[in-house]
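Structure file run16.cif; described as mmCIF, C-alpha atoms.
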```
data_query
#
loop_
_atom_site.group_PDB
_atom_site.id
_atom_site.type_symbol
_atom_site.label_atom_id
_atom_site.label_comp_id
_atom_site.auth_asym_id
_atom_site.auth_seq_id
_atom_site.Cartn_x
_atom_site.Cartn_y
_atom_site.Cartn_z
ATOM 1 C CA MET O 7 10.364 -1.170 -10.217
ATOM 2 C CA PRO O 8 12.032 -1.838 -6.833
ATOM 3 C CA PRO O 9 10.228 -0.931 -3.581
ATOM 4 C CA ALA O 10 10.694 2.675 -2.504
ATOM 5 C CA TYR O 11 10.038 1.957 1.187
ATOM 6 C CA ASP O 12 10.451 -0.943 3.558
ATOM 7 C CA LEU O 13 7.307 0.074 5.388
ATOM 8 C CA LEU O 14 4.178 2.142 4.852
ATOM 9 C CA VAL O 15 2.262 2.935 8.034
ATOM 10 C CA ILE O 16 -1.372 4.027 7.771
ATOM 11 C CA GLY O 17 -3.395 5.476 10.614
ATOM 12 C CA ASP O 18 -3.465 7.813 13.565
ATOM 13 C CA ALA O 19 -1.056 10.558 14.588
ATOM 14 C CA ASN O 20 -1.652 13.150 17.293
ATOM 15 C CA PRO O 21 -0.046 14.954 20.197
ATOM 16 C CA ASP O 22 -0.179 13.071 23.496
ATOM 17 C CA VAL O 23 -0.379 14.938 26.791
ATOM 18 C CA ILE O 24 0.855 12.429 29.377
ATOM 19 C CA VAL O 25 0.239 13.229 33.040
ATOM 20 C CA GLY O 26 0.982 11.056 36.046
ATOM 21 C CA PRO O 27 1.284 8.991 37.964
ATOM 22 C CA LEU O 28 -1.884 9.831 39.849
ATOM 23 C CA ALA O 29 -1.708 8.940 43.527
ATOM 24 C CA GLU O 30 -5.495 8.530 43.772
ATOM 25 C CA PRO O 31 -8.468 8.185 41.402
ATOM 26 C CA LEU O 32 -9.219 11.138 39.149
ATOM 27 C CA ALA O 33 -11.562 13.516 40.973
ATOM 28 C CA PHE O 34 -14.166 15.856 39.534
ATOM 29 C CA GLY O 35 -15.936 18.623 41.458
ATOM 30 C CA GLN O 36 -13.355 21.202 40.362
ATOM 31 C CA ARG O 37 -10.661 19.627 42.512
ATOM 32 C CA GLU O 38 -7.018 20.332 41.729
ATOM 33 C CA GLN O 39 -4.817 17.239 41.764
ATOM 34 C CA LEU O 40 -1.049 17.108 41.374
ATOM 35 C CA ALA O 41 1.080 14.596 39.483
ATOM 36 C CA ASP O 42 4.834 14.114 39.421
ATOM 37 C CA SER O 43 5.226 14.696 35.707
ATOM 38 C CA GLY O 44 3.526 15.919 32.566
ATOM 39 C CA MET O 45 4.715 16.203 29.007
ATOM 40 C CA LEU O 46 3.682 16.824 25.416
ATOM 41 C CA THR O 47 4.900 14.197 22.968
ATOM 42 C CA LEU O 48 4.064 12.497 19.694
ATOM 43 C CA GLY O 49 1.236 9.993 20.022
ATOM 44 C CA GLY O 50 -1.014 7.772 17.985
ATOM 45 C CA SER O 51 -0.394 4.052 17.625
ATOM 46 C CA ALA O 52 0.505 4.316 13.938
ATOM 47 C CA ALA O 53 2.835 7.290 14.469
ATOM 48 C CA ILE O 54 4.706 5.631 17.343
ATOM 49 C CA MET O 55 5.087 2.416 15.353
ATOM 50 C CA ALA O 56 6.416 4.350 12.358
ATOM 51 C CA CYS O 57 9.011 6.121 14.504
ATOM 52 C CA GLY O 58 10.082 2.849 16.108
ATOM 53 C CA ALA O 59 10.550 1.197 12.725
ATOM 54 C CA ALA O 60 12.574 4.149 11.434
ATOM 55 C CA ARG O 61 14.725 4.008 14.570
ATOM 56 C CA LEU O 62 15.397 0.344 13.777
ATOM 57 C CA GLY O 63 16.706 1.350 10.360
ATOM 58 C CA LEU O 64 13.729 0.779 8.056
ATOM 59 C CA THR O 65 12.777 3.294 5.380
ATOM 60 C CA VAL O 66 9.297 4.373 6.478
ATOM 61 C CA ALA O 67 6.484 6.413 4.935
ATOM 62 C CA PHE O 68 3.390 7.542 6.803
ATOM 63 C CA ALA O 69 -0.107 8.129 5.408
ATOM 64 C CA GLY O 70 -2.856 9.746 7.440
ATOM 65 C CA ARG O 71 -4.619 12.988 8.233
ATOM 66 C CA VAL O 72 -4.169 15.755 10.792
ATOM 67 C CA GLY O 73 -5.529 19.286 11.042
ATOM 68 C CA ASP O 74 -3.945 22.280 9.353
ATOM 69 C CA ASP O 75 -3.191 23.745 12.769
ATOM 70 C CA ASP O 76 -0.334 24.045 15.241
ATOM 71 C CA ALA O 77 -0.956 20.543 16.602
ATOM 72 C CA GLY O 78 -0.923 19.053 13.103
ATOM 73 C CA ARG O 79 2.300 20.790 12.198
ATOM 74 C CA TYR O 80 3.811 19.565 15.467
ATOM 75 C CA VAL O 81 2.896 15.988 14.499
ATOM 76 C CA ARG O 82 4.356 16.393 11.013
ATOM 77 C CA ASP O 83 7.584 17.899 12.335
ATOM 78 C CA GLU O 84 8.013 15.185 14.980
ATOM 79 C CA LEU O 85 7.507 12.383 12.461
ATOM 80 C CA THR O 86 9.987 14.027 10.101
ATOM 81 C CA ALA O 87 12.520 14.459 12.902
ATOM 82 C CA HIS O 88 12.296 10.719 13.569
ATOM 83 C CA GLY O 89 13.141 9.943 9.952
ATOM 84 C CA VAL O 90 9.634 9.199 8.684
ATOM 85 C CA ASP O 91 8.559 10.411 5.231
ATOM 86 C CA THR O 92 5.434 12.556 5.764
ATOM 87 C CA ARG O 93 4.634 13.595 2.218
ATOM 88 C CA ALA O 94 1.396 11.586 2.456
ATOM 89 C CA LEU O 95 0.324 13.189 5.746
ATOM 90 C CA THR O 96 -2.682 15.321 4.774
ATOM 91 C CA LEU O 97 -3.240 18.662 6.531
ATOM 92 C CA ASP O 98 -7.027 19.062 6.739
ATOM 93 C CA PRO O 99 -8.188 22.718 6.712
ATOM 94 C CA ALA O 100 -11.665 21.884 8.012
ATOM 95 C CA ARG O 101 -11.043 19.580 10.999
ATOM 96 C CA PRO O 102 -8.727 19.774 14.008
ATOM 97 C CA THR O 103 -5.855 17.450 14.794
ATOM 98 C CA PRO O 104 -6.805 14.650 17.213
ATOM 99 C CA LEU O 105 -5.700 15.189 20.798
ATOM 100 C CA THR O 106 -5.088 12.544 23.460
ATOM 101 C CA VAL O 107 -4.653 12.914 27.206
ATOM 102 C CA VAL O 108 -3.056 9.929 28.947
ATOM 103 C CA LEU O 109 -3.451 9.700 32.725
ATOM 104 C CA THR O 110 -1.162 7.147 34.345
ATOM 105 C CA ARG O 111 -1.514 5.396 37.691
ATOM 106 C CA GLY O 112 0.928 2.617 38.507
ATOM 107 C CA GLU O 113 1.123 0.343 35.466
ATOM 108 C CA ASP O 114 -2.378 1.300 34.330
ATOM 109 C CA ARG O 115 -3.547 4.294 32.322
ATOM 110 C CA ALA O 116 -6.707 6.032 31.192
ATOM 111 C CA ILE O 117 -6.785 7.459 27.669
ATOM 112 C CA LEU O 118 -9.063 10.300 26.568
ATOM 113 C CA THR O 119 -9.099 11.157 22.859
ATOM 114 C CA SER O 120 -10.793 13.894 20.871
ATOM 115 C CA PRO O 121 -11.022 12.273 17.394
ATOM 116 C CA GLY O 122 -10.701 15.365 15.176
ATOM 117 C CA THR O 123 -9.528 14.257 11.731
ATOM 118 C CA LEU O 124 -9.633 10.551 12.658
ATOM 119 C CA THR O 125 -13.278 10.393 11.599
ATOM 120 C CA ALA O 126 -12.352 11.716 8.145
ATOM 121 C CA THR O 127 -9.177 9.691 7.521
ATOM 122 C CA SER O 128 -9.817 7.317 4.632
ATOM 123 C CA GLY O 129 -8.252 5.395 1.793
ATOM 124 C CA ARG O 130 -8.097 8.636 -0.196
ATOM 125 C CA ASP O 131 -5.272 9.702 2.111
ATOM 126 C CA VAL O 132 -3.113 6.765 0.978
ATOM 127 C CA PRO O 133 -1.308 7.362 -2.348
ATOM 128 C CA HIS O 134 -1.464 4.433 -4.733
ATOM 129 C CA ASP O 135 2.270 4.537 -5.409
ATOM 130 C CA LEU O 136 3.037 4.039 -1.717
ATOM 131 C CA LEU O 137 0.836 0.935 -1.620
ATOM 132 C CA THR O 138 2.496 -0.512 -4.693
ATOM 133 C CA ARG O 139 6.093 0.358 -3.787
ATOM 134 C CA SER O 140 6.339 -0.669 -0.123
ATOM 135 C CA ARG O 141 7.543 -4.046 1.118
ATOM 136 C CA HIS O 142 5.125 -4.061 4.049
ATOM 137 C CA VAL O 143 1.981 -2.097 4.962
ATOM 138 C CA HIS O 144 0.923 -1.660 8.595
ATOM 139 C CA ALA O 145 -2.330 -0.130 9.839
ATOM 140 C CA ALA O 146 -3.302 0.838 13.378
ATOM 141 C CA SER O 147 -6.249 2.040 15.465
ATOM 142 C CA PHE O 148 -8.866 0.364 13.274
ATOM 143 C CA PHE O 149 -11.847 1.289 15.451
ATOM 144 C CA LEU O 150 -10.962 4.984 15.768
ATOM 145 C CA GLN O 151 -11.092 5.575 12.003
ATOM 146 C CA PRO O 152 -14.420 4.324 10.568
ATOM 147 C CA CYS O 153 -13.856 5.585 7.015
ATOM 148 C CA LEU O 154 -10.378 4.088 6.879
ATOM 149 C CA ALA O 155 -11.707 0.848 8.360
ATOM 150 C CA GLU O 156 -14.101 0.516 5.423
ATOM 151 C CA ASP O 157 -11.329 1.183 2.901
ATOM 152 C CA LEU O 158 -8.625 -0.901 4.538
ATOM 153 C CA PRO O 159 -9.532 -4.254 2.925
ATOM 154 C CA GLY O 160 -9.085 -2.678 -0.520
ATOM 155 C CA LEU O 161 -5.826 -0.998 0.494
ATOM 156 C CA PHE O 162 -4.419 -4.267 1.816
ATOM 157 C CA ALA O 163 -5.548 -6.108 -1.319
ATOM 158 C CA THR O 164 -3.717 -3.610 -3.540
ATOM 159 C CA ALA O 165 -0.561 -3.841 -1.444
ATOM 160 C CA ARG O 166 -0.572 -7.636 -1.452
ATOM 161 C CA ALA O 167 -1.214 -7.747 -5.198
ATOM 162 C CA HIS O 168 2.068 -5.872 -5.610
ATOM 163 C CA GLY O 169 4.032 -8.217 -3.363
ATOM 164 C CA ALA O 170 3.723 -6.499 0.026
ATOM 165 C CA THR O 171 2.867 -8.153 3.314
ATOM 166 C CA THR O 172 0.408 -6.543 5.729
ATOM 167 C CA SER O 173 -0.138 -6.166 9.450
ATOM 168 C CA LEU O 174 -2.861 -4.748 11.673
ATOM 169 C CA ASP O 175 -2.955 -3.560 15.271
ATOM 170 C CA THR O 176 -6.630 -2.827 15.925
ATOM 171 C CA GLN O 177 -6.101 -1.233 19.338
ATOM 172 C CA ASP O 178 -9.143 -0.871 21.601
ATOM 173 C CA ASP O 179 -12.731 -0.447 20.434
ATOM 174 C CA PRO O 180 -14.212 2.464 22.421
ATOM 175 C CA SER O 181 -17.737 1.287 21.536
ATOM 176 C CA GLY O 182 -17.094 -2.148 23.015
ATOM 177 C CA ALA O 183 -18.784 -3.771 19.991
ATOM 178 C CA TRP O 184 -15.759 -5.440 18.331
ATOM 179 C CA ASP O 185 -18.004 -5.887 15.295
ATOM 180 C CA PRO O 186 -17.142 -9.197 13.546
ATOM 181 C CA ALA O 187 -18.827 -8.058 10.322
ATOM 182 C CA ALA O 188 -16.522 -5.031 10.129
ATOM 183 C CA LEU O 189 -13.439 -7.042 11.053
ATOM 184 C CA HIS O 190 -13.881 -10.017 8.736
ATOM 185 C CA PRO O 191 -12.994 -8.258 5.434
ATOM 186 C CA VAL O 192 -9.804 -6.691 6.785
ATOM 187 C CA LEU O 193 -8.652 -9.814 8.608
ATOM 188 C CA ALA O 194 -9.007 -11.699 5.321
ATOM 189 C CA GLY O 195 -6.258 -9.478 3.898
ATOM 190 C CA THR O 196 -4.046 -9.302 6.999
ATOM 191 C CA ASP O 197 -0.833 -11.327 7.191
ATOM 192 C CA ILE O 198 0.100 -10.435 10.778
ATOM 193 C CA LEU O 199 -2.386 -9.491 13.521
ATOM 194 C CA LEU O 200 -0.803 -7.721 16.516
ATOM 195 C CA PRO O 201 -3.273 -7.302 19.421
ATOM 196 C CA ASN O 202 -2.526 -7.166 23.108
ATOM 197 C CA ALA O 203 -3.976 -9.875 25.343
ATOM 198 C CA LEU O 204 -7.223 -8.043 26.135
ATOM 199 C CA GLU O 205 -7.773 -7.083 22.509
ATOM 200 C CA ALA O 206 -7.088 -10.656 21.414
ATOM 201 C CA HIS O 207 -9.731 -11.855 23.875
ATOM 202 C CA HIS O 208 -12.337 -9.508 22.369
ATOM 203 C CA LEU O 209 -11.311 -10.244 18.784
ATOM 204 C CA ALA O 210 -11.496 -14.007 19.321
ATOM 205 C CA GLY O 211 -14.927 -13.908 20.925
ATOM 206 C CA PRO O 212 -16.286 -16.827 22.957
ATOM 207 C CA GLY O 213 -13.591 -19.331 23.784
ATOM 208 C CA GLY O 214 -10.737 -16.829 23.794
ATOM 209 C CA GLY O 215 -10.441 -16.712 27.554
ATOM 210 C CA THR O 216 -6.633 -16.867 27.664
ATOM 211 C CA PRO O 217 -4.054 -15.314 25.331
ATOM 212 C CA GLU O 218 -3.130 -18.802 24.136
ATOM 213 C CA LEU O 219 -6.723 -19.756 23.342
ATOM 214 C CA ALA O 220 -7.410 -16.391 21.696
ATOM 215 C CA ALA O 221 -4.316 -16.740 19.520
ATOM 216 C CA THR O 222 -5.349 -20.257 18.515
ATOM 217 C CA ILE O 223 -8.819 -19.075 17.479
ATOM 218 C CA LEU O 224 -7.512 -16.044 15.589
ATOM 219 C CA ALA O 225 -4.860 -18.112 13.812
ATOM 220 C CA ALA O 226 -7.688 -19.787 11.937
ATOM 221 C CA ARG O 227 -8.528 -16.378 10.424
ATOM 222 C CA VAL O 228 -5.093 -14.783 9.974
ATOM 223 C CA PRO O 229 -1.816 -16.462 8.921
ATOM 224 C CA LEU O 230 0.099 -15.166 11.945
ATOM 225 C CA VAL O 231 -1.248 -13.868 15.268
ATOM 226 C CA VAL O 232 1.125 -12.133 17.679
ATOM 227 C CA VAL O 233 -0.218 -11.346 21.156
ATOM 228 C CA LYS O 234 1.481 -8.864 23.490
ATOM 229 C CA ASN O 235 1.011 -9.805 27.134
ATOM 230 C CA GLY O 236 2.819 -7.136 29.146
ATOM 231 C CA ALA O 237 5.009 -8.419 31.963
ATOM 232 C CA ASP O 238 4.174 -11.996 30.921
ATOM 233 C CA GLY O 239 5.936 -11.539 27.591
ATOM 234 C CA ALA O 240 4.369 -12.351 24.243
ATOM 235 C CA LEU O 241 3.264 -15.273 22.093
ATOM 236 C CA CYS O 242 2.505 -16.021 18.477
ATOM 237 C CA HIS O 243 0.548 -18.677 16.587
ATOM 238 C CA ASP O 244 0.974 -19.494 12.902
ATOM 239 C CA GLY O 245 -1.904 -21.960 12.645
ATOM 240 C CA ARG O 246 0.422 -24.893 13.319
ATOM 241 C CA GLY O 247 1.956 -24.170 16.678
ATOM 242 C CA LEU O 248 2.464 -21.682 19.476
ATOM 243 C CA SER O 249 5.688 -19.838 20.307
ATOM 244 C CA THR O 250 6.263 -17.838 23.477
ATOM 245 C CA THR O 251 8.848 -15.444 24.831
ATOM 246 C CA PRO O 252 9.295 -13.894 28.285
ATOM 247 C CA ALA O 253 9.376 -10.146 28.750
ATOM 248 C CA LEU O 254 12.705 -8.380 29.082
ATOM 249 C CA THR O 255 13.050 -7.517 32.755
ATOM 250 C CA LEU O 256 14.149 -3.964 33.492
ATOM 251 C CA THR O 257 14.755 -2.531 36.943
ATOM 252 C CA PRO O 258 11.949 -0.399 38.424
ATOM 253 C CA HIS O 259 14.302 2.565 38.108
ATOM 254 C CA ASP O 260 14.720 1.954 34.377
ATOM 255 C CA THR O 261 11.002 1.529 33.658
ATOM 256 C CA VAL O 262 9.582 5.045 33.379
ATOM 257 C CA ASP O 263 6.525 4.936 31.106
ATOM 258 C CA THR O 264 4.787 2.089 29.255
ATOM 259 C CA VAL O 265 2.877 4.377 26.845
ATOM 260 C CA GLY O 266 3.475 3.147 23.287
ATOM 261 C CA ALA O 267 5.361 -0.001 24.308
ATOM 262 C CA GLY O 268 3.022 -2.160 22.247
ATOM 263 C CA ASP O 269 3.599 0.002 19.180
ATOM 264 C CA SER O 270 7.370 -0.285 19.619
ATOM 265 C CA PHE O 271 6.860 -4.049 19.906
ATOM 266 C CA ASP O 272 4.999 -3.949 16.568
ATOM 267 C CA ALA O 273 7.885 -2.049 14.992
ATOM 268 C CA GLY O 274 10.382 -4.608 16.254
ATOM 269 C CA PHE O 275 8.371 -7.558 15.013
ATOM 270 C CA VAL O 276 7.857 -6.112 11.545
ATOM 271 C CA ALA O 277 11.497 -5.039 11.285
ATOM 272 C CA ALA O 278 12.740 -8.500 12.246
ATOM 273 C CA THR O 279 10.447 -10.238 9.764
ATOM 274 C CA LEU O 280 11.495 -7.867 6.990
ATOM 275 C CA HIS O 281 15.093 -8.806 7.796
ATOM 276 C CA GLY O 282 14.118 -12.404 7.054
ATOM 277 C CA HIS O 283 13.757 -13.788 10.580
ATOM 278 C CA PRO O 284 10.990 -16.322 11.277
ATOM 279 C CA ALA O 285 8.220 -15.438 13.685
ATOM 280 C CA HIS O 286 9.595 -17.368 16.669
ATOM 281 C CA HIS O 287 12.882 -15.467 16.304
ATOM 282 C CA ALA O 288 11.208 -12.099 15.725
ATOM 283 C CA LEU O 289 9.089 -12.535 18.858
ATOM 284 C CA PRO O 290 11.815 -12.038 21.518
ATOM 285 C CA PHE O 291 13.355 -9.217 19.492
ATOM 286 C CA ALA O 292 9.985 -7.441 19.428
ATOM 287 C CA ALA O 293 9.546 -7.965 23.173
ATOM 288 C CA VAL O 294 12.925 -6.322 23.733
ATOM 289 C CA CYS O 295 11.937 -3.347 21.560
ATOM 290 C CA GLY O 296 8.748 -2.883 23.562
ATOM 291 C CA ALA O 297 10.515 -3.123 26.913
ATOM 292 C CA LEU O 298 13.361 -0.756 26.022
ATOM 293 C CA SER O 299 10.867 1.874 24.866
ATOM 294 C CA THR O 300 9.655 2.232 28.471
ATOM 295 C CA ARG O 301 12.925 3.811 29.632
ATOM 296 C CA ALA O 302 11.646 7.376 29.075
ATOM 297 C CA HIS O 303 8.359 9.270 29.120
ATOM 298 C CA GLY O 304 6.340 9.114 25.919
ATOM 299 C CA GLY O 305 6.181 6.498 23.208
ATOM 300 C CA THR O 306 9.184 7.483 21.065
ATOM 301 C CA ARG O 307 11.968 8.928 23.207
ATOM 302 C CA ALA O 308 13.548 5.624 24.280
ATOM 303 C CA GLN O 309 12.852 3.480 21.216
ATOM 304 C CA PRO O 310 15.955 1.365 20.558
ATOM 305 C CA THR O 311 18.164 1.150 17.518
ATOM 306 C CA TRP O 312 18.641 -2.229 15.868
ATOM 307 C CA ASP O 313 21.993 -2.745 17.619
ATOM 308 C CA GLU O 314 20.598 -1.709 21.014
ATOM 309 C CA ALA O 315 17.781 -4.240 20.725
ATOM 310 C CA LEU O 316 20.069 -6.909 19.323
ATOM 311 C CA ALA O 317 22.324 -6.592 22.387
ATOM 312 C CA HIS O 318 19.507 -8.079 24.460
ATOM 313 C CA THR O 319 18.638 -10.995 22.160
ATOM 314 C CA THR O 320 20.382 -13.223 19.650
ATOM 315 C CA LEU O 321 17.286 -13.380 17.418
ATOM 316 C CA SER O 322 17.255 -17.094 18.075
ATOM 317 C CA GLY O 323 15.046 -19.566 19.855
ATOM 318 C CA ALA O 324 12.925 -22.579 19.139
ATOM 319 C CA PRO O 325 9.169 -22.642 18.649
ATOM 320 C CA THR O 326 7.104 -24.645 21.120
ATOM 321 C CA SER O 327 4.329 -26.964 20.108
#
```
In structure tokens, how does this file's structure come out?
Amino acid sequence: MPPAYDLLVIGDANPDVIVGPLAEPLAFGQREQLADSGMLTLGGSAAIMACGAARLGLTVAFAGRVGDDDAGRYVRDELTAHGVDTRALTLDPARPTPLTVVLTRGEDRAILTSPGTLTATSGRDVPHDLLTRSRHVHAASFFLQPCLAEDLPGLFATARAHGATTSLDTQDDPSGAWDPAALHPVLAGTDILLPNALEAHHLAGPGGGTPELAATILAARVPLVVVKNGADGALCHDGRGLSTTPALTLTPHDTVDTVGAGDSFDAGFVAATLHGHPAHHALPFAAVCGALSTRAHGGTRAQPTWDEALAHTTLSGAPTS
């Protein structure tokens, strides 16, 4: 039976309230502070990645859990509007939808999340037929979803047994533990690991002091490691050699909001690989997708189409040793 979807995305979806930029540090003591802008938009690393992949032309299904409340229905409707199949998005009657507040200041941001249904999201929310009929399975926000984290090795194993490839973007670990015992089983079933530079440093452990060193260490555990490094571009390591790409430079006027840029990068990298491009060609394309997504507030509003991203790269380049 042929695959029903190019991509199945598993993980977090929630409304984001984005406020900023703050002109000074956040103040307590019942002080009122003003920011230039604020908006409500679709958030969650997995949800933003799914929307980016759909925008690039992939057929995308999403599996996860939100509350049976106004926020959950907002998430479902936004995903659907972006072309993502949400039939496997569970509406939980007992728990609220996660909520995230993002406070921006310059190029930095603080992220506050109320987990809601994230603590209950598990492998039971992922239909077997989606695992067995998708070309690629991507999971995000590993540390925010403890039940899903435990089930993810089995989910990846099922997907791979039916011919799919897999990818993981762990995102940050709020506990700061970066537990190797929890990570080892899922990394053993991951084809592409997609951390940012700081996450790669924590995942690699001692010796991963630079993105290049972290990627080299992690490439001994995962077939392909792709590290996002902000304004310094990105790099990948396949266990044999390192490839790098610079970031796409936009004017300060064009760069509005970096929220979700890494998730749009993930979407670009997976889309390019599913189109048959090798990693060192997919890397600059992904960097373009991440950069172009910063042209508007929120993680999804400026995500590029395939042709828009392609206009900034030829999907070519040579790996470096």
Here's the selection I'm unsure about, the PyMOL selection byres ((chain O and resi 219-226) around 10); applied to the file above, which residues does it give, as a PyMOL selection string?
chain O and resi 193+198-199+201+203-218+227-233+241-248
What does the PyMOL selection byres ((chain O and resi 133-144) around 6) select in this file, as an NGL selection string?
:O and (9-15 or 132 or 145 or 165 or 168 or 170-174)
How far is it from atom CA of Ala302 of chain O to atom CA of His281 of chain O, in Å with one decimal?
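Separation of atom CA of Ala302 of chain O and atom CA of His281 of chain O: 27.0 Å.
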Could you check the closest approach to Met45 of chain O for each of O:Gly73, O:Thr106, O:Val192, O:Val276 and tell me which residue wins, using all atoms listed in the file?
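Looking only at the distances to Met45 of chain O, the closest residue turns out to be O:Thr106.
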Could you list, as a ChimeraX atom specification, every residue matched by the PyMOL selection byres ((chain O and resi 289-295) around 7) in this structure?
/O:239-240,251,253-254,270-272,274-275,285-288,296-299,309-310,315,318-319,321
Restrict the selected residues to C-alpha atoms and save them as a short mmCIF file (atom, residue, chain, number, x, y, z; two decimals), keeping the file's coordinate frame.
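Produced file result.cif, reproduced below:
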```
data_model
loop_
_atom_site.label_atom_id
_atom_site.label_comp_id
_atom_site.auth_asym_id
_atom_site.auth_seq_id
_atom_site.Cartn_x
_atom_site.Cartn_y
_atom_site.Cartn_z
CA GLY O 239 5.94 -11.54 27.59
CA ALA O 240 4.37 -12.35 24.24
CA THR O 251 8.85 -15.44 24.83
CA ALA O 253 9.38 -10.15 28.75
CA LEU O 254 12.70 -8.38 29.08
CA SER O 270 7.37 -0.28 19.62
CA PHE O 271 6.86 -4.05 19.91
CA ASP O 272 5.00 -3.95 16.57
CA GLY O 274 10.38 -4.61 16.25
CA PHE O 275 8.37 -7.56 15.01
CA ALA O 285 8.22 -15.44 13.68
CA HIS O 286 9.60 -17.37 16.67
CA HIS O 287 12.88 -15.47 16.30
CA ALA O 288 11.21 -12.10 15.72
CA GLY O 296 8.75 -2.88 23.56
CA ALA O 297 10.52 -3.12 26.91
CA LEU O 298 13.36 -0.76 26.02
CA SER O 299 10.87 1.87 24.87
CA GLN O 309 12.85 3.48 21.22
CA PRO O 310 15.96 1.36 20.56
CA ALA O 315 17.78 -4.24 20.72
CA HIS O 318 19.51 -8.08 24.46
CA THR O 319 18.64 -11.00 22.16
CA LEU O 321 17.29 -13.38 17.42
#
```
With only C-alpha atoms as the atoms that count, which of O:Thr127, O:Asn202, O:Thr110, O:Ser120 lies nearest to Glu30 of chain O?
O:Thr110
Hey, can you check how far atom CA of Thr47 of chain O sits from atom CA of Leu62 of chain O?
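Calculated distance between atom CA of Thr47 of chain O and atom CA of Leu62 of chain O is 19.7 Å.
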What's the 7 Å shell around Ala273 of chain O, counting all atoms listed in the file, without same-chain residues fewer than 3 positions away, as a tab-separated table (two decimals) with C-alpha atoms, keeping the file's coordinate frame?
```
chain	number	residue	atom	x	y	z
O	55	MET	CA	5.09	2.42	15.35
O	58	GLY	CA	10.08	2.85	16.11
O	59	ALA	CA	10.55	1.20	12.72
O	269	ASP	CA	3.60	0.00	19.18
O	270	SER	CA	7.37	-0.28	19.62
O	276	VAL	CA	7.86	-6.11	11.54
O	277	ALA	CA	11.50	-5.04	11.28
```
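Going from atom CA of Asp157 of chain O to atom CA of Asp179 of chain O covers 17.7 Å.
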Which of O:Arg93, O:Arg130, O:Arg71, O:Arg37 sits closest to Ala52 of chain O [using only C-alpha atoms]:
O:Arg71
Counting all atoms listed in the file, figure out which residue out of O:Arg301, O:Leu32, O:Leu150, O:Asp260 gets nearest to Arg115 of chain O.
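For Arg115 of chain O, the nearest of the candidates is O:Leu32.
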From the options O:Phe68, O:Trp312, O:Phe34, O:Phe149, which residue's atoms come nearest to Asp185 of chain O, counting only C-alpha atoms?
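Of O:Phe68, O:Trp312, O:Phe34, O:Phe149, the one nearest Asp185 of chain O, counting only C-alpha atoms, is O:Phe149.
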Residues within 12 Å of Gly17 of chain O, all atoms listed in the file, excluding chain neighbours under 6 positions, as number ranges by chain
O: 49-56, 67-72, 94-96, 104, 123-129, 131-132, 143-155, 157-158, 174-177
Would you place a box with edges along x, y and z of the file around all atoms of segment 250-253 of chain O listed there, add 8 Å to each of its six sides, and report the centre and edge lengths in Å to one decimal, as AutoDock Vina command-line options?
```
--center_x 7.8 --center_y -14.0 --center_z 26.1 --size_x 19.1 --size_y 23.7 --size_z 21.3
```
Counting only C-alpha atoms, closest pick from O:Pro21, O:Ile16, O:Ala317, O:Ala87 relative to Phe162 of chain O is O:Ile16
